[in-house]
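File shown: entry27.pdb (PDB, C-alpha atoms).
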MODEL        1
ATOM      1  CA  LEU F   1      26.743 -12.390  10.446
ATOM      2  CA  GLY F   2      23.688 -10.562   9.076
ATOM      3  CA  GLN F   3      21.639 -13.748   9.296
ATOM      4  CA  ASP F   4      22.029 -13.764  13.086
ATOM      5  CA  GLN F   5      19.992 -10.561  13.422
ATOM      6  CA  ALA F   6      16.455 -10.822  14.718
ATOM      7  CA  TYR F   7      13.629 -10.762  12.212
ATOM      8  CA  PRO F   8      12.089  -7.289  12.320
ATOM      9  CA  ILE F   9       8.657  -7.161  13.887
ATOM     10  CA  PHE F  10       6.047  -4.940  12.278
ATOM     11  CA  THR F  11       3.157  -4.413  14.677
ATOM     12  CA  ALA F  12      -0.511  -3.716  14.046
ATOM     13  CA  ASP F  13       0.057  -0.176  15.331
ATOM     14  CA  GLN F  14       2.869   0.320  12.822
ATOM     15  CA  LEU F  15       0.634  -1.025  10.063
ATOM     16  CA  ASP F  16      -2.081   1.423  11.084
ATOM     17  CA  ALA F  17       0.369   4.339  11.099
ATOM     18  CA  THR F  18       1.734   3.315   7.707
ATOM     19  CA  MET F  19      -1.734   3.070   6.184
ATOM     20  CA  LYS F  20      -2.676   6.483   7.567
ATOM     21  CA  THR F  21       0.270   8.035   5.709
ATOM     22  CA  LEU F  22      -0.035   5.821   2.644
ATOM     23  CA  GLY F  23      -3.651   6.801   1.929
ATOM     24  CA  PRO F  24      -2.894  10.514   1.502
ATOM     25  CA  ASN F  25       0.162   9.638  -0.575
ATOM     26  CA  ILE F  26      -1.965   7.615  -3.003
ATOM     27  CA  ALA F  27      -4.480  10.486  -3.134
ATOM     28  CA  GLY F  28      -1.549  12.804  -3.848
ATOM     29  CA  ILE F  29      -0.520  10.630  -6.790
ATOM     30  CA  ARG F  30      -3.991  10.992  -8.286
ATOM     31  CA  ALA F  31      -3.948  14.776  -7.746
ATOM     32  CA  ALA F  32      -0.491  15.116  -9.291
ATOM     33  CA  ILE F  33      -1.516  13.054 -12.311
ATOM     34  CA  ARG F  34      -4.671  15.153 -12.718
ATOM     35  CA  ASP F  35      -2.431  18.254 -12.739
ATOM     36  CA  GLN F  36       0.045  16.543 -15.104
ATOM     37  CA  ALA F  37       2.738  16.982 -12.436
ATOM     38  CA  TYR F  38       4.283  13.660 -13.393
ATOM     39  CA  ALA F  39       7.561  14.157 -11.498
ATOM     40  CA  THR F  40       5.583  14.718  -8.298
ATOM     41  CA  ALA F  41       3.387  11.695  -9.032
ATOM     42  CA  LYS F  42       6.519   9.610  -9.589
ATOM     43  CA  GLU F  43       8.038  10.750  -6.271
ATOM     44  CA  ARG F  44       4.820   9.966  -4.394
ATOM     45  CA  GLY F  45       4.599   6.590  -6.121
ATOM     46  CA  ILE F  46       8.125   5.673  -5.100
ATOM     47  CA  ARG F  47       7.427   6.722  -1.514
ATOM     48  CA  SER F  48       4.146   4.813  -1.503
ATOM     49  CA  ARG F  49       5.894   1.665  -2.682
ATOM     50  CA  GLU F  50       8.508   2.031   0.056
ATOM     51  CA  GLN F  51       5.818   2.442   2.689
ATOM     52  CA  LEU F  52       3.698  -0.442   1.448
ATOM     53  CA  ALA F  53       6.590  -2.871   1.014
ATOM     54  CA  THR F  54       7.535  -2.626   4.690
ATOM     55  CA  THR F  55       4.165  -4.055   5.708
ATOM     56  CA  VAL F  56       5.021  -7.488   4.282
ATOM     57  CA  THR F  57       6.587  -8.537   7.584
ATOM     58  CA  PHE F  58       3.296  -7.911   9.386
ATOM     59  CA  TRP F  59       1.332 -10.070   6.966
ATOM     60  CA  ARG F  60       3.953 -12.819   7.017
ATOM     61  CA  ASP F  61       3.915 -12.850  10.806
ATOM     62  CA  GLN F  62       0.126 -13.194  10.613
ATOM     63  CA  GLU F  63       0.544 -16.037   8.096
ATOM     64  CA  ARG F  64      -1.834 -14.274   5.707
ATOM     65  CA  ASP F  65      -0.695 -15.409   2.280
ATOM     66  CA  ASP F  66      -3.685 -13.696   0.677
ATOM     67  CA  ALA F  67      -2.628 -10.340   2.109
ATOM     68  CA  VAL F  68       0.976 -10.911   0.996
ATOM     69  CA  ALA F  69      -0.290 -11.690  -2.518
ATOM     70  CA  MET F  70      -2.430  -8.521  -2.562
ATOM     71  CA  LEU F  71       0.513  -6.511  -1.256
ATOM     72  CA  ARG F  72       2.774  -7.874  -3.976
ATOM     73  CA  ALA F  73       0.184  -7.129  -6.646
ATOM     74  CA  VAL F  74      -0.069  -3.498  -5.539
ATOM     75  CA  THR F  75       3.705  -3.050  -5.277
ATOM     76  CA  ASP F  76       4.009  -4.525  -8.786
ATOM     77  CA  ARG F  77       1.463  -1.984 -10.023
ATOM     78  CA  LEU F  78       3.368   0.816  -8.255
ATOM     79  CA  ASP F  79       6.462  -0.361 -10.151
ATOM     80  CA  ALA F  80       4.443  -0.249 -13.365
ATOM     81  CA  LEU F  81       3.306   3.271 -12.512
ATOM     82  CA  ASP F  82       6.916   4.288 -11.990
ATOM     83  CA  GLY F  83       7.758   2.878 -15.403
ATOM     84  CA  ALA F  84       4.845   4.657 -17.064
ATOM     85  CA  LEU F  85       5.849   7.949 -15.448
ATOM     86  CA  SER F  86       9.502   7.492 -16.433
ATOM     87  CA  THR F  87       8.967   7.795 -20.178
ATOM     88  CA  SER F  88       9.799  10.957 -22.079
ATOM     89  CA  ALA F  89       6.203  11.209 -23.313
ATOM     90  CA  VAL F  90       3.894  10.056 -20.512
ATOM     91  CA  ASP F  91       0.831   8.216 -21.796
ATOM     92  CA  ALA F  92      -1.947   9.573 -19.593
ATOM     93  CA  SER F  93      -4.310   6.684 -20.359
ATOM     94  CA  THR F  94      -1.709   4.109 -19.286
ATOM     95  CA  VAL F  95      -0.972   6.041 -16.108
ATOM     96  CA  GLU F  96      -4.693   6.296 -15.326
ATOM     97  CA  ARG F  97      -5.234   2.572 -15.935
ATOM     98  CA  VAL F  98      -2.345   1.579 -13.672
ATOM     99  CA  LEU F  99      -3.463   3.976 -10.939
ATOM    100  CA  THR F 100      -6.965   2.481 -11.099
ATOM    101  CA  GLU F 101      -5.410  -0.991 -10.698
ATOM    102  CA  ILE F 102      -3.441   0.226  -7.674
ATOM    103  CA  GLN F 103      -6.552   1.620  -6.043
ATOM    104  CA  GLY F 104      -8.471  -1.572  -6.833
ATOM    105  CA  GLY F 105      -5.762  -3.626  -5.138
ATOM    106  CA  CYS F 106      -5.881  -1.416  -2.071
ATOM    107  CA  GLN F 107      -9.661  -1.690  -1.925
ATOM    108  CA  ALA F 108      -9.523  -5.484  -2.240
ATOM    109  CA  CYS F 109      -7.265  -5.754   0.796
ATOM    110  CA  HIS F 110      -9.302  -3.209   2.739
ATOM    111  CA  ALA F 111     -12.483  -5.175   2.060
ATOM    112  CA  VAL F 112     -10.998  -8.124   3.939
ATOM    113  CA  TYR F 113      -8.814  -6.490   6.577
ATOM    114  CA  ARG F 114     -10.320  -3.118   7.412
ATOM    115  CA  GLU F 115     -13.432  -2.046   9.297
ATOM    116  CA  GLN F 116     -14.904   1.242  10.391
ATOM    117  CA  ASP F 117     -14.098   2.212  13.941
ATOM    118  CA  PRO F 118     -17.506   2.409  15.711
ATOM    119  CA  GLY F 119     -18.611   5.931  16.438
ATOM    120  CA  THR F 120     -16.035   7.549  14.154
ATOM    121  CA  THR F 121     -15.326   7.985  10.465
ATOM    122  CA  ASP F 122     -11.910   6.339  10.913
ATOM    123  CA  TYR F 123     -10.983   2.859   9.803
ATOM    124  CA  ARG F 124      -8.944   0.266  11.620
ATOM    125  CA  LEU F 125      -7.472  -3.169  11.138
ATOM    126  CA  LYS F 126     -10.081  -5.897  11.449
ATOM    127  CA  ARG F 127      -8.614  -7.849  14.368
ATOM    128  CA  SER F 128     -10.960 -10.780  13.802
ATOM    129  CA  GLU F 129      -9.005 -11.622  10.643
ATOM    130  CA  LEU F 130      -5.699 -11.927  12.481
ATOM    131  CA  ARG F 131      -4.152 -14.771  14.409
TER     132      ARG F 131
ENDMDL
END

Re-express the file's structure as structure tokens.
Amino acid sequence: LGQDQAYPIFTADQLDATMKTLGPNIAGIRAAIRDQAYATAKERGIRSREQLATTVTFWRDQERDDAVAMLRAVTDRLDALDGALSTSAVDASTVERVLTEIQGGCQACHAVYREQDPGTTDYRLKRSELR
């Protein structure tokens, strides 16, 4: 019965809205880690993973296997961050390394799929890369 349901559509506008909330969440992880507020960093990491994972339908609909691969790499690193923050004695260097990998993955995708909105400081989805 569940297989008869329509495939959920994730629009470019939804992707944009998700990215606009995801960015501050990732920044919040870094701030929480800097303050050694590891429980807060963990909560933000979990929320970030939830937000990011939903975007897979957009990239699949666009038939962008490279974006799906980048998305999976970042969600894997968010899982690793969760693991590193779940230990009784958090290793700050491991947490920092994984967070740097997360940010690198985000930047790699942005380099391909994001452009500055002319006349503003905002960024938007690069429509020329979509089908």

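Taken over the whole file, the PyMOL selection byres ((chain F and resi 98) around 9) covers exactly Arg77, Leu78, Ala80, Leu81, Ala84, Ser93, Thr94, Val95, Glu96, Arg97, Leu99, Thr100, Glu101, Ile102 and Gln103 of chain F.
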
* **Test item: the PyMOL selection byres ((chain F and resi 30) around 10) resolved as a PyMOL selection string** => chain F and resi 24-29+31-37+41+44-45+95-96+99-100+103

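Non-sequential neighbours of Gln14 of chain F (distance at most 9 Å, separation of 4 or more positions within a chain, only C-alpha atoms) are Phe10, Thr18, Met19, Thr55 and Phe58 of chain F.
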
Could you state which residues are captured by the PyMOL selection byres ((chain F and resi 106-115) around 6) in this file, as an mmCIF file with C-alpha atoms, in the coordinates of the input?
data_model
loop_
_atom_site.group_PDB
_atom_site.id
_atom_site.type_symbol
_atom_site.label_atom_id
_atom_site.label_comp_id
_atom_site.auth_asym_id
_atom_site.auth_seq_id
_atom_site.Cartn_x
_atom_site.Cartn_y
_atom_site.Cartn_z
ATOM 1 C CA GLN F 103 -6.552 1.620 -6.043
ATOM 2 C CA GLY F 104 -8.471 -1.572 -6.833
ATOM 3 C CA GLY F 105 -5.762 -3.626 -5.138
ATOM 4 C CA GLN F 116 -14.904 1.242 10.391
ATOM 5 C CA TYR F 123 -10.983 2.859 9.803
ATOM 6 C CA ARG F 124 -8.944 0.266 11.620
ATOM 7 C CA LEU F 125 -7.472 -3.169 11.138
ATOM 8 C CA LYS F 126 -10.081 -5.897 11.449
#

* Could you check which of F:Asp16, F:Asp122, F:Glu43, F:Glu129 is closest to Ser86 of chain F, using all atoms listed in the file? => F:Glu43

* To do: List every protein, DNA or RNA residue that has an atom no more than 7 Å from (5.2, 3.7, -5.3) in the file's coordinate frame, counting all atoms listed in the file, and report them as a count of residues only.
  => 11

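Considering only C-alpha atoms, the residue among F:Thr40, F:Thr54, F:Gln62, F:Ser88 positioned nearest to Arg131 of chain F is F:Gln62.
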
* To do: Could you check how far atom CA of Thr57 of chain F sits from atom CA of Gly23 of chain F, in Å to one decimal?
  => 19.3 Å

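If you look at atom CA of Arg64 of chain F and atom CA of Asp13 of chain F, they are 17.2 Å away from each other.
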
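Atom CA of Asp76 of chain F sits 13.5 Å away from atom CA of Gln51 of chain F.
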